[in-house]
$ cat start01.tsv   # TSV, C-alpha atoms
chain	number	residue	atom	x	y	z
K	1	MET	CA	-48.92	-9.03	-19.13
K	2	THR	CA	-48.16	-7.06	-15.97
K	3	GLU	CA	-47.88	-3.28	-16.05
K	4	GLU	CA	-44.15	-3.48	-15.35
K	5	ALA	CA	-43.56	-5.74	-18.36
K	6	LYS	CA	-45.69	-3.43	-20.50
K	7	ARG	CA	-43.61	-0.42	-19.45
K	8	ILE	CA	-40.39	-2.13	-20.42
K	9	GLY	CA	-41.86	-3.53	-23.64
K	10	ALA	CA	-42.98	-0.04	-24.65
K	11	ILE	CA	-39.35	1.11	-24.49
K	12	ILE	CA	-37.49	-1.81	-26.09
K	13	GLY	CA	-40.17	-3.43	-28.24
K	14	ALA	CA	-40.66	-7.12	-28.94
K	15	PRO	CA	-37.61	-9.39	-28.61
K	16	PRO	CA	-36.04	-10.76	-31.79
K	17	GLU	CA	-36.98	-14.40	-32.38
K	18	ALA	CA	-33.29	-15.36	-32.30
K	19	VAL	CA	-33.07	-14.02	-28.74
K	20	ARG	CA	-36.17	-15.97	-27.64
K	21	GLN	CA	-34.69	-19.13	-29.10
K	22	ALA	CA	-31.30	-18.56	-27.48
K	23	LEU	CA	-32.91	-18.14	-24.06
K	24	SER	CA	-35.45	-20.96	-24.33
K	25	ARG	CA	-33.49	-23.91	-25.65
K	26	HIS	CA	-35.16	-26.09	-23.03
K	27	GLY	CA	-38.65	-24.69	-23.56
K	28	VAL	CA	-38.53	-22.26	-20.62
K	29	LEU	CA	-36.46	-19.33	-19.41
K	30	ARG	CA	-34.29	-20.86	-16.68
K	31	ALA	CA	-33.31	-18.09	-14.26
K	32	GLY	CA	-30.36	-18.71	-11.95
K	33	ILE	CA	-31.03	-17.22	-8.51
K	34	ASN	CA	-28.52	-16.74	-5.66
K	35	LEU	CA	-30.44	-17.46	-2.46
K	36	SER	CA	-27.73	-16.11	-0.14
K	37	ASN	CA	-28.29	-12.46	-1.10
K	38	PHE	CA	-30.98	-11.51	1.41
K	39	LEU	CA	-31.50	-8.10	-0.21
K	40	LEU	CA	-32.42	-9.54	-3.59
K	41	VAL	CA	-34.14	-12.70	-2.38
K	42	SER	CA	-35.83	-11.27	0.68
K	43	SER	CA	-38.57	-13.86	1.30
K	44	ARG	CA	-40.17	-17.07	0.05
K	45	THR	CA	-43.44	-17.79	-1.71
K	46	ALA	CA	-46.11	-20.03	-0.18
K	47	ASP	CA	-44.63	-23.03	-1.98
K	48	GLY	CA	-41.09	-22.22	-0.84
K	49	GLY	CA	-39.89	-20.54	-4.04
K	50	PRO	CA	-37.70	-17.42	-4.08
K	51	ALA	CA	-39.34	-14.00	-3.74
K	52	GLY	CA	-37.79	-10.56	-3.97
K	53	VAL	CA	-36.30	-8.09	-6.41
K	54	SER	CA	-34.23	-10.63	-8.39
K	55	PRO	CA	-37.01	-13.22	-8.82
K	56	ASP	CA	-39.36	-10.41	-9.87
K	57	MET	CA	-36.86	-9.13	-12.42
K	58	ALA	CA	-36.61	-12.64	-13.86
K	59	ALA	CA	-40.40	-12.94	-14.00
K	60	ILE	CA	-40.75	-9.61	-15.83
K	61	LEU	CA	-38.03	-10.65	-18.29
K	62	ALA	CA	-39.87	-13.91	-18.98
K	63	GLU	CA	-43.05	-11.92	-19.64
K	64	CYS	CA	-41.27	-9.61	-22.07
K	65	LEU	CA	-39.87	-12.66	-23.86
K	66	GLY	CA	-43.22	-14.45	-23.85
K	67	LEU	CA	-41.65	-17.47	-22.16
K	68	PRO	CA	-42.58	-19.63	-19.18
K	69	LEU	CA	-40.22	-19.18	-16.22
K	70	GLN	CA	-38.30	-21.70	-14.14
K	71	TYR	CA	-36.19	-20.64	-11.17
K	72	VAL	CA	-32.91	-22.52	-10.73
K	73	THR	CA	-31.71	-21.76	-7.21
K	74	TYR	CA	-28.22	-21.94	-5.70
K	75	PRO	CA	-27.15	-21.55	-2.05
K	76	SER	CA	-24.46	-18.98	-2.92
K	77	PRO	CA	-23.04	-17.15	-5.95
K	78	GLY	CA	-20.02	-19.43	-6.42
K	79	PRO	CA	-21.99	-22.56	-7.42
K	80	LEU	CA	-24.25	-20.41	-9.60
K	81	ALA	CA	-21.24	-19.08	-11.53
K	82	ASP	CA	-19.75	-22.58	-11.76
K	83	ALA	CA	-22.94	-23.78	-13.47
K	84	ALA	CA	-22.55	-21.31	-16.35
K	85	GLU	CA	-20.74	-23.91	-18.45
K	86	ARG	CA	-23.01	-26.81	-17.46
K	87	ASP	CA	-26.16	-25.55	-19.22
K	88	GLU	CA	-28.14	-25.30	-15.99
K	89	TRP	CA	-29.55	-21.79	-16.51
K	90	ASP	CA	-30.19	-19.35	-19.37
K	91	VAL	CA	-29.96	-16.08	-17.47
K	92	ALA	CA	-28.59	-15.44	-13.98
K	93	LEU	CA	-29.15	-12.60	-11.55
K	94	VAL	CA	-25.84	-12.23	-9.73
K	95	GLY	CA	-23.04	-9.81	-8.91
K	96	ALA	CA	-20.97	-8.87	-11.95
K	97	GLU	CA	-17.33	-9.70	-11.22
K	98	PRO	CA	-14.28	-9.94	-13.55
K	99	GLN	CA	-13.55	-13.53	-12.47
K	100	ARG	CA	-17.08	-14.57	-13.39
K	101	ALA	CA	-16.88	-12.69	-16.69
K	102	ALA	CA	-14.57	-15.40	-18.01
K	103	VAL	CA	-17.64	-17.59	-18.57
K	104	ILE	CA	-20.55	-15.14	-18.17
K	105	ASP	CA	-21.49	-12.08	-20.23
K	106	PHE	CA	-23.00	-9.36	-18.01
K	107	THR	CA	-25.39	-6.50	-18.58
K	108	PRO	CA	-24.95	-3.16	-16.83
K	109	ALA	CA	-25.98	-3.34	-13.17
K	110	TYR	CA	-29.58	-2.75	-12.16
K	111	THR	CA	-28.89	-2.44	-8.41
K	112	GLU	CA	-25.87	-1.92	-6.21
K	113	ILE	CA	-25.08	-2.73	-2.58
K	114	GLU	CA	-22.33	-1.06	-0.56
K	115	ALA	CA	-19.71	-3.30	1.07
K	116	THR	CA	-17.68	-2.14	4.07
K	117	TYR	CA	-16.14	-3.43	7.30
K	118	LEU	CA	-17.30	-4.11	10.85
K	119	VAL	CA	-14.58	-3.79	13.49
K	120	PRO	CA	-14.63	-5.13	17.09
K	121	ALA	CA	-14.85	-3.16	20.30
K	122	GLY	CA	-11.67	-1.24	21.02
K	123	SER	CA	-10.41	-1.32	17.45
K	124	PRO	CA	-8.11	1.58	16.51
K	125	LEU	CA	-9.32	1.48	12.90
K	126	GLN	CA	-11.21	4.58	11.80
K	127	SER	CA	-11.42	4.27	8.02
K	128	VAL	CA	-11.69	1.66	5.29
K	129	ALA	CA	-8.24	2.62	4.00
K	130	GLU	CA	-6.61	1.65	7.33
K	131	VAL	CA	-7.72	-2.00	7.14
K	132	ASP	CA	-5.24	-3.12	4.48
K	133	ARG	CA	-2.10	-3.12	6.62
K	134	LYS	CA	0.47	-5.81	7.36
K	135	GLY	CA	-0.51	-8.01	10.29
K	136	ARG	CA	-4.23	-7.31	10.05
K	137	ARG	CA	-6.73	-10.06	9.32
K	138	ILE	CA	-10.06	-9.70	7.54
K	139	ALA	CA	-12.92	-12.20	7.71
K	140	VAL	CA	-14.83	-12.56	4.44
K	141	ALA	CA	-17.35	-14.96	2.90
K	142	ALA	CA	-15.69	-17.05	0.19
K	143	ARG	CA	-16.56	-16.43	-3.46
K	144	THR	CA	-18.88	-13.49	-2.85
K	145	ALA	CA	-18.61	-10.54	-5.22
K	146	TYR	CA	-17.04	-8.38	-2.52
K	147	GLY	CA	-14.79	-11.26	-1.47
K	148	LEU	CA	-13.51	-11.63	-5.03
K	149	TRP	CA	-12.88	-7.87	-5.10
K	150	LEU	CA	-10.85	-8.10	-1.89
K	151	GLU	CA	-8.81	-10.99	-3.31
K	152	ARG	CA	-7.80	-8.72	-6.21
K	153	ASN	CA	-7.22	-5.55	-4.23
K	154	ILE	CA	-5.97	-6.34	-0.72
K	155	ARG	CA	-2.19	-5.99	-0.71
K	156	GLU	CA	-0.94	-6.34	2.89
K	157	ALA	CA	-3.71	-7.67	5.15
K	158	GLU	CA	-4.60	-11.38	5.31
K	159	LEU	CA	-8.01	-12.63	4.17
K	160	ILE	CA	-9.60	-15.34	6.31
K	161	THR	CA	-12.41	-16.91	4.28
K	162	GLY	CA	-15.47	-18.62	5.67
K	163	GLU	CA	-18.28	-20.65	4.12
K	164	GLY	CA	-21.00	-18.07	3.61
K	165	PHE	CA	-21.44	-14.97	5.73
K	166	ASP	CA	-22.18	-17.01	8.86
K	167	GLY	CA	-18.84	-18.80	8.48
K	168	ALA	CA	-17.00	-15.51	8.06
K	169	TYR	CA	-18.79	-14.07	11.09
K	170	GLN	CA	-17.71	-17.02	13.24
K	171	HIS	CA	-14.08	-16.59	12.16
K	172	PHE	CA	-14.32	-12.89	13.00
K	173	VAL	CA	-15.62	-13.60	16.51
K	174	ASP	CA	-13.77	-16.81	17.38
K	175	GLN	CA	-10.36	-15.75	16.05
K	176	LYS	CA	-10.70	-12.13	17.17
K	177	LEU	CA	-9.96	-10.81	13.69
K	178	ASP	CA	-9.44	-7.14	12.89
K	179	ALA	CA	-12.37	-6.65	10.51
K	180	LEU	CA	-15.40	-8.40	9.06
K	181	ALA	CA	-16.11	-7.60	5.41
K	182	GLY	CA	-19.72	-7.63	4.30
K	183	LEU	CA	-22.69	-5.89	2.78
K	184	ARG	CA	-23.64	-2.79	4.75
K	185	PRO	CA	-27.25	-3.88	5.54
K	186	LYS	CA	-26.07	-7.19	7.05
K	187	LEU	CA	-23.30	-5.52	9.02
K	188	ILE	CA	-25.84	-3.10	10.51
K	189	GLU	CA	-27.64	-6.12	11.98
K	190	ASP	CA	-24.43	-7.67	13.29
K	191	GLU	CA	-23.34	-4.40	14.86
K	192	LYS	CA	-26.41	-4.63	17.11
K	193	THR	CA	-25.47	-8.10	18.36
K	194	LEU	CA	-21.76	-7.43	19.05
K	195	PRO	CA	-21.33	-5.01	21.98
K	196	GLY	CA	-18.89	-2.23	21.18
K	197	SER	CA	-18.49	-3.17	17.52
K	198	ARG	CA	-18.90	-0.47	14.89
K	199	MET	CA	-19.05	-0.12	11.17
K	200	LEU	CA	-16.40	1.90	9.38
K	201	PRO	CA	-17.67	4.87	7.38
K	202	GLY	CA	-17.64	4.75	3.59
K	203	ARG	CA	-17.21	1.63	1.50
K	204	PHE	CA	-14.44	-0.39	-0.10
K	205	MET	CA	-16.64	-1.26	-3.11
K	206	ALA	CA	-20.24	-1.62	-4.25
K	207	VAL	CA	-21.53	-4.97	-5.47
K	208	GLN	CA	-23.04	-4.47	-8.92
K	209	GLN	CA	-26.02	-6.79	-9.39
K	210	ALA	CA	-26.64	-7.56	-13.05
K	211	LEU	CA	-28.14	-10.04	-15.47
K	212	GLY	CA	-25.72	-12.55	-16.89
K	213	THR	CA	-25.91	-15.12	-19.64
K	214	PRO	CA	-23.46	-17.91	-20.52
K	215	LYS	CA	-21.08	-16.82	-23.24
K	216	ALA	CA	-22.53	-19.54	-25.44
K	217	SER	CA	-25.80	-17.55	-25.43
K	218	GLY	CA	-24.11	-14.27	-26.27
K	219	ILE	CA	-26.62	-13.44	-29.01
K	220	ALA	CA	-29.07	-12.46	-26.26
K	221	LEU	CA	-26.81	-9.97	-24.51
K	222	ASP	CA	-27.85	-6.85	-26.44
K	223	TYR	CA	-31.51	-7.50	-25.65
K	224	LEU	CA	-30.74	-8.15	-21.98
K	225	ARG	CA	-28.77	-4.91	-21.80
K	226	SER	CA	-31.74	-3.03	-23.25
K	227	PHE	CA	-34.06	-4.76	-20.78
K	228	VAL	CA	-31.97	-3.66	-17.78
K	229	MET	CA	-31.66	-0.07	-18.97
K	230	ALA	CA	-35.42	0.09	-19.62
K	231	ALA	CA	-36.12	-1.38	-16.17
K	232	ILE	CA	-34.07	1.44	-14.63
K	233	GLU	CA	-35.42	4.19	-16.90
K	234	SER	CA	-39.07	3.22	-16.42
K	235	GLY	CA	-38.76	3.08	-12.64
K	236	VAL	CA	-39.40	-0.67	-12.51
K	237	VAL	CA	-36.29	-1.39	-10.42
K	238	ARG	CA	-37.10	1.40	-7.99
K	239	ARG	CA	-40.65	0.12	-7.56
K	240	LEU	CA	-39.50	-3.45	-6.98
K	241	ILE	CA	-37.17	-2.28	-4.21
K	242	ALA	CA	-40.07	-0.38	-2.61
K	243	LYS	CA	-42.46	-3.31	-3.08
K	244	HIS	CA	-40.22	-5.65	-1.11
K	245	GLY	CA	-39.28	-3.05	1.50
K	246	VAL	CA	-35.55	-3.63	1.08
K	247	THR	CA	-33.20	-1.30	2.94
K	248	GLY	CA	-29.64	-0.90	1.68
K	249	LEU	CA	-30.33	-1.73	-1.97
K	250	SER	CA	-29.97	1.14	-4.45
K	251	VAL	CA	-30.88	1.53	-8.11
K	252	ALA	CA	-27.64	1.43	-10.08
K	253	GLU	CA	-26.57	4.49	-12.02
K	254	PRO	CA	-26.76	3.95	-15.80
K	255	PRO	CA	-23.27	3.65	-17.35
K	256	PRO	CA	-21.87	6.83	-18.97
K	257	GLY	CA	-23.17	7.43	-22.48
K	258	SER	CA	-26.15	5.11	-22.09
$ encode --input "start01.tsv" --output "structure tokens"
Amino acid sequence: MTEEAKRIGAIIGAPPEAVRQALSRHGVLRAGINLSNFLLVSSRTADGGPAGVSPDMAAILAECLGLPLQYVTYPSPGPLADAAERDEWDVALVGAEPQRAAVIDFTPAYTEIEATYLVPAGSPLQSVAEVDRKGRRIAVAARTAYGLWLERNIREAELITGEGFDGAYQHFVDQKLDALAGLRPKLIEDEKTLPGSRMLPGRFMAVQQALGTPKASGIALDYLRSFVMAAIESGVVRRLIAKHGVTGLSVAEPPPGS
């Protein structure tokens, strides 16, 4: 067992057998991984598998459970969430969103990523609060955690959705939209490629990355919650972020009273 798994095991103890059974109905722990989040899946292994903070978290969880691990990868978070009711994965590492909570039970977050806006050269916008005004148009990647948040919270501006971040970026440039919504680290890169563009200060939300399990496997949720809190408390999450050299990913604050 790795040192990281030992640290977490020392805090939460051995998993109940009922939890192991709930998470290994197919003989392995099937971990759903969203490949589009470049902060959490930051590279690939020699055989092309996912590597990064999320795959490592799944591997440590499998160690703590004493189960073999199988990654089940998806190109974006929408298809991953859709698969919750199709028995394709046992635990998923994905942004916790109210829409997804209809079919997925989530732990507290283990990391968070700020989401904000990029605006084009010459834009009069100076703050995040100014973006949601009548007549303004915002480019956003469909079915992302921050996109779902905007769908619930934008009142006056129009959302123009694209397939993935690249699709949203093209809408932003081609249609000369007022703002491009995205994760701060990605927008920093895009700011360098678009002369005169700038990122607005602050954030409109932070994407909370958590562990999720299908509601049908709800018996495992208490253990998964304990696992996440122990991973934060023991410094495992912080060390994984440092190990993969990820900029823009922060350890989530434990929920009040935890």
$ closest_atom_pairs --input "start01.tsv" --of "range 192-218 of chain K" --to "range 55-78 of chain K" --cutoff "12 Å" --atoms "all atoms listed in the file" --output "CSV"
residue,atom,partner,partner_atom,distance
K:Gln209,CA,K:Pro77,CA,11.3
K:Ala210,CA,K:Met57,CA,10.4
K:Leu211,CA,K:Ala58,CA,9.0
K:Gly212,CA,K:Ala58,CA,11.3
$ write_last_selection --input "start01.tsv" --atoms "C-alpha atoms" --output "tab-separated table (two decimals), in the coordinates of the input"
chain	number	residue	atom	x	y	z
K	209	GLN	CA	-26.02	-6.79	-9.39
K	210	ALA	CA	-26.64	-7.56	-13.05
K	211	LEU	CA	-28.14	-10.04	-15.47
K	212	GLY	CA	-25.72	-12.55	-16.89
$ residues_near_point --input "start01.tsv" --point "(-42.7, -6.4, -5.2)" --cutoff "12 Å" --atoms "all atoms listed in the file" --output "PyMOL selection string"
chain K and resi 4+40-43+45+51-57+59-60+236-246
$ atom_distance --input "start01.tsv" --atom1 "CA of Val119 in chain K" --atom2 "CA of Glu156 in chain K"
17.5 Å
$ closest_residue --input "start01.tsv" --among "K:Ile11, K:Ala142, K:Ala206, K:Leu221" --to "Leu249 in chain K" --atoms "all atoms listed in the file"
K:Ala206
$ atom_distance --input "start01.tsv" --atom1 "CA of Pro120 in chain K" --atom2 "CA of Gly164 in chain K"
19.7 Å
$ residues_around --input "start01.tsv" --residues "Glu151 in chain K" --least-positions-apart "6" --cutoff "12 Å" --atoms "all atoms listed in the file" --output "list in words"
Glu97, Pro98, Gln99, Asp132, Ile138, Ala139, Val140, Ala141, Ala142, Arg143, Thr144, Ala145, Ala157, Glu158, Leu159, Ile160, Thr161 and Ala181 of chain K
$ write_last_selection --input "start01.tsv" --atoms "C-alpha atoms" --output "PDB file, in the coordinates of the input"
ATOM      1  CA  GLU K  97     -17.330  -9.700 -11.220  1.00  0.00           C
ATOM      2  CA  PRO K  98     -14.280  -9.940 -13.550  1.00  0.00           C
ATOM      3  CA  GLN K  99     -13.550 -13.530 -12.470  1.00  0.00           C
ATOM      4  CA  ASP K 132      -5.240  -3.120   4.480  1.00  0.00           C
ATOM      5  CA  ILE K 138     -10.060  -9.700   7.540  1.00  0.00           C
ATOM      6  CA  ALA K 139     -12.920 -12.200   7.710  1.00  0.00           C
ATOM      7  CA  VAL K 140     -14.830 -12.560   4.440  1.00  0.00           C
ATOM      8  CA  ALA K 141     -17.350 -14.960   2.900  1.00  0.00           C
ATOM      9  CA  ALA K 142     -15.690 -17.050   0.190  1.00  0.00           C
ATOM     10  CA  ARG K 143     -16.560 -16.430  -3.460  1.00  0.00           C
ATOM     11  CA  THR K 144     -18.880 -13.490  -2.850  1.00  0.00           C
ATOM     12  CA  ALA K 145     -18.610 -10.540  -5.220  1.00  0.00           C
ATOM     13  CA  ALA K 157      -3.710  -7.670   5.150  1.00  0.00           C
ATOM     14  CA  GLU K 158      -4.600 -11.380   5.310  1.00  0.00           C
ATOM     15  CA  LEU K 159      -8.010 -12.630   4.170  1.00  0.00           C
ATOM     16  CA  ILE K 160      -9.600 -15.340   6.310  1.00  0.00           C
ATOM     17  CA  THR K 161     -12.410 -16.910   4.280  1.00  0.00           C
ATOM     18  CA  ALA K 181     -16.110  -7.600   5.410  1.00  0.00           C
TER      19      ALA K 181
END
$ atom_distance --input "start01.tsv" --atom1 "CA of Ile113 in chain K" --atom2 "CA of Ala220 in chain K"
25.9 Å
$ residues_around --input "start01.tsv" --residues "Pro214 in chain K" --least-positions-apart "2" --cutoff "10 Å" --atoms "only C-alpha atoms" --output "ChimeraX atom specification"
/K:81,83-92,101-106,212,216-218,220-221
$ closest_residue --input "start01.tsv" --among "K:Ala18, K:Val251, K:Leu177, K:Tyr169" --to "Ile219 in chain K" --atoms "all atoms listed in the file"
K:Ala18
$ closest_residue --input "start01.tsv" --among "K:Thr111, K:Asn37, K:Thr213, K:Ser250" --to "Gly182 in chain K" --atoms "all atoms listed in the file"
K:Asn37
$ closest_residue --input "start01.tsv" --among "K:Leu35, K:Gly95, K:Glu114, K:Phe227" --to "Pro15 in chain K" --atoms "all atoms listed in the file"
K:Phe227
$ decode --input "start01.tsv" --residues "range 128-151 of chain K" --atoms "N, CA, C and O atoms" --output "JSON list (two decimals), in the first residue's frame"
[["chain", "number", "residue", "atom", "x", "y", "z"],
["K", 128, "VAL", "N", -17.12, 41.13, -12.99],
["K", 128, "VAL", "CA", -17.97, 39.97, -13.26],
["K", 128, "VAL", "C", -19.45, 40.36, -13.21],
["K", 128, "VAL", "O", -20.26, 39.90, -14.02],
["K", 129, "ALA", "N", -19.80, 41.22, -12.26],
["K", 129, "ALA", "CA", -21.20, 41.60, -12.07],
["K", 129, "ALA", "C", -21.78, 42.32, -13.28],
["K", 129, "ALA", "O", -22.99, 42.32, -13.49],
["K", 130, "GLU", "N", -20.93, 42.97, -14.09],
["K", 130, "GLU", "CA", -21.41, 43.75, -15.23],
["K", 130, "GLU", "C", -21.78, 42.87, -16.43],
["K", 130, "GLU", "O", -22.40, 43.36, -17.39],
["K", 131, "VAL", "N", -21.39, 41.60, -16.42],
["K", 131, "VAL", "CA", -21.59, 40.75, -17.60],
["K", 131, "VAL", "C", -23.06, 40.41, -17.82],
["K", 131, "VAL", "O", -23.54, 40.37, -18.95],
["K", 132, "ASP", "N", -23.80, 40.19, -16.74],
["K", 132, "ASP", "CA", -25.19, 39.77, -16.86],
["K", 132, "ASP", "C", -26.10, 40.98, -17.07],
["K", 132, "ASP", "O", -26.78, 41.44, -16.15],
["K", 133, "ARG", "N", -26.09, 41.48, -18.30],
["K", 133, "ARG", "CA", -26.93, 42.62, -18.67],
["K", 133, "ARG", "C", -27.63, 42.31, -20.00],
["K", 133, "ARG", "O", -27.10, 41.59, -20.84],
["K", 134, "LYS", "N", -28.79, 42.88, -20.19],
["K", 134, "LYS", "CA", -29.57, 42.65, -21.41],
["K", 134, "LYS", "C", -28.75, 43.04, -22.63],
["K", 134, "LYS", "O", -28.08, 44.08, -22.66],
["K", 135, "GLY", "N", -28.79, 42.20, -23.64],
["K", 135, "GLY", "CA", -28.08, 42.45, -24.88],
["K", 135, "GLY", "C", -26.68, 41.89, -24.94],
["K", 135, "GLY", "O", -26.07, 41.85, -26.02],
["K", 136, "ARG", "N", -26.16, 41.43, -23.81],
["K", 136, "ARG", "CA", -24.82, 40.86, -23.81],
["K", 136, "ARG", "C", -24.88, 39.35, -24.02],
["K", 136, "ARG", "O", -25.83, 38.69, -23.61],
["K", 137, "ARG", "N", -23.83, 38.83, -24.66],
["K", 137, "ARG", "CA", -23.80, 37.41, -25.00],
["K", 137, "ARG", "C", -22.53, 36.77, -24.43],
["K", 137, "ARG", "O", -21.43, 37.32, -24.58],
["K", 138, "ILE", "N", -22.71, 35.61, -23.83],
["K", 138, "ILE", "CA", -21.63, 34.91, -23.15],
["K", 138, "ILE", "C", -21.41, 33.55, -23.80],
["K", 138, "ILE", "O", -22.34, 32.76, -23.94],
["K", 139, "ALA", "N", -20.18, 33.27, -24.20],
["K", 139, "ALA", "CA", -19.84, 31.95, -24.74],
["K", 139, "ALA", "C", -19.49, 31.03, -23.57],
["K", 139, "ALA", "O", -18.77, 31.42, -22.65],
["K", 140, "VAL", "N", -20.00, 29.79, -23.63],
["K", 140, "VAL", "CA", -19.74, 28.85, -22.53],
["K", 140, "VAL", "C", -19.80, 27.42, -23.08],
["K", 140, "VAL", "O", -20.56, 27.12, -24.00],
["K", 141, "ALA", "N", -18.95, 26.56, -22.53],
["K", 141, "ALA", "CA", -18.96, 25.15, -22.92],
["K", 141, "ALA", "C", -20.18, 24.47, -22.33],
["K", 141, "ALA", "O", -20.47, 24.59, -21.13],
["K", 142, "ALA", "N", -20.91, 23.75, -23.17],
["K", 142, "ALA", "CA", -22.15, 23.10, -22.74],
["K", 142, "ALA", "C", -21.89, 22.03, -21.69],
["K", 142, "ALA", "O", -20.92, 21.29, -21.76],
["K", 143, "ARG", "N", -22.77, 22.00, -20.69],
["K", 143, "ARG", "CA", -22.84, 20.93, -19.69],
["K", 143, "ARG", "C", -21.60, 20.83, -18.79],
["K", 143, "ARG", "O", -21.37, 19.81, -18.16],
["K", 144, "THR", "N", -20.81, 21.89, -18.74],
["K", 144, "THR", "CA", -19.75, 21.97, -17.74],
["K", 144, "THR", "C", -20.36, 22.40, -16.42],
["K", 144, "THR", "O", -21.48, 22.92, -16.38],
["K", 145, "ALA", "N", -19.64, 22.20, -15.33],
["K", 145, "ALA", "CA", -20.17, 22.60, -14.02],
["K", 145, "ALA", "C", -20.42, 24.10, -13.98],
["K", 145, "ALA", "O", -21.46, 24.56, -13.49],
["K", 146, "TYR", "N", -19.49, 24.89, -14.53],
["K", 146, "TYR", "CA", -19.70, 26.34, -14.50],
["K", 146, "TYR", "C", -20.78, 26.75, -15.50],
["K", 146, "TYR", "O", -21.50, 27.73, -15.27],
["K", 147, "GLY", "N", -20.92, 25.99, -16.59],
["K", 147, "GLY", "CA", -21.99, 26.27, -17.54],
["K", 147, "GLY", "C", -23.36, 26.02, -16.94],
["K", 147, "GLY", "O", -24.31, 26.79, -17.14],
["K", 148, "LEU", "N", -23.48, 24.92, -16.19],
["K", 148, "LEU", "CA", -24.75, 24.63, -15.51],
["K", 148, "LEU", "C", -25.07, 25.72, -14.49],
["K", 148, "LEU", "O", -26.23, 26.10, -14.31],
["K", 149, "TRP", "N", -24.03, 26.21, -13.81],
["K", 149, "TRP", "CA", -24.24, 27.30, -12.83],
["K", 149, "TRP", "C", -24.76, 28.54, -13.54],
["K", 149, "TRP", "O", -25.70, 29.20, -13.06],
["K", 150, "LEU", "N", -24.17, 28.87, -14.69],
["K", 150, "LEU", "CA", -24.63, 30.05, -15.43],
["K", 150, "LEU", "C", -26.07, 29.88, -15.90],
["K", 150, "LEU", "O", -26.86, 30.83, -15.86],
["K", 151, "GLU", "N", -26.43, 28.68, -16.32],
["K", 151, "GLU", "CA", -27.82, 28.44, -16.75],
["K", 151, "GLU", "C", -28.80, 28.74, -15.63],
["K", 151, "GLU", "O", -29.91, 29.23, -15.87]]
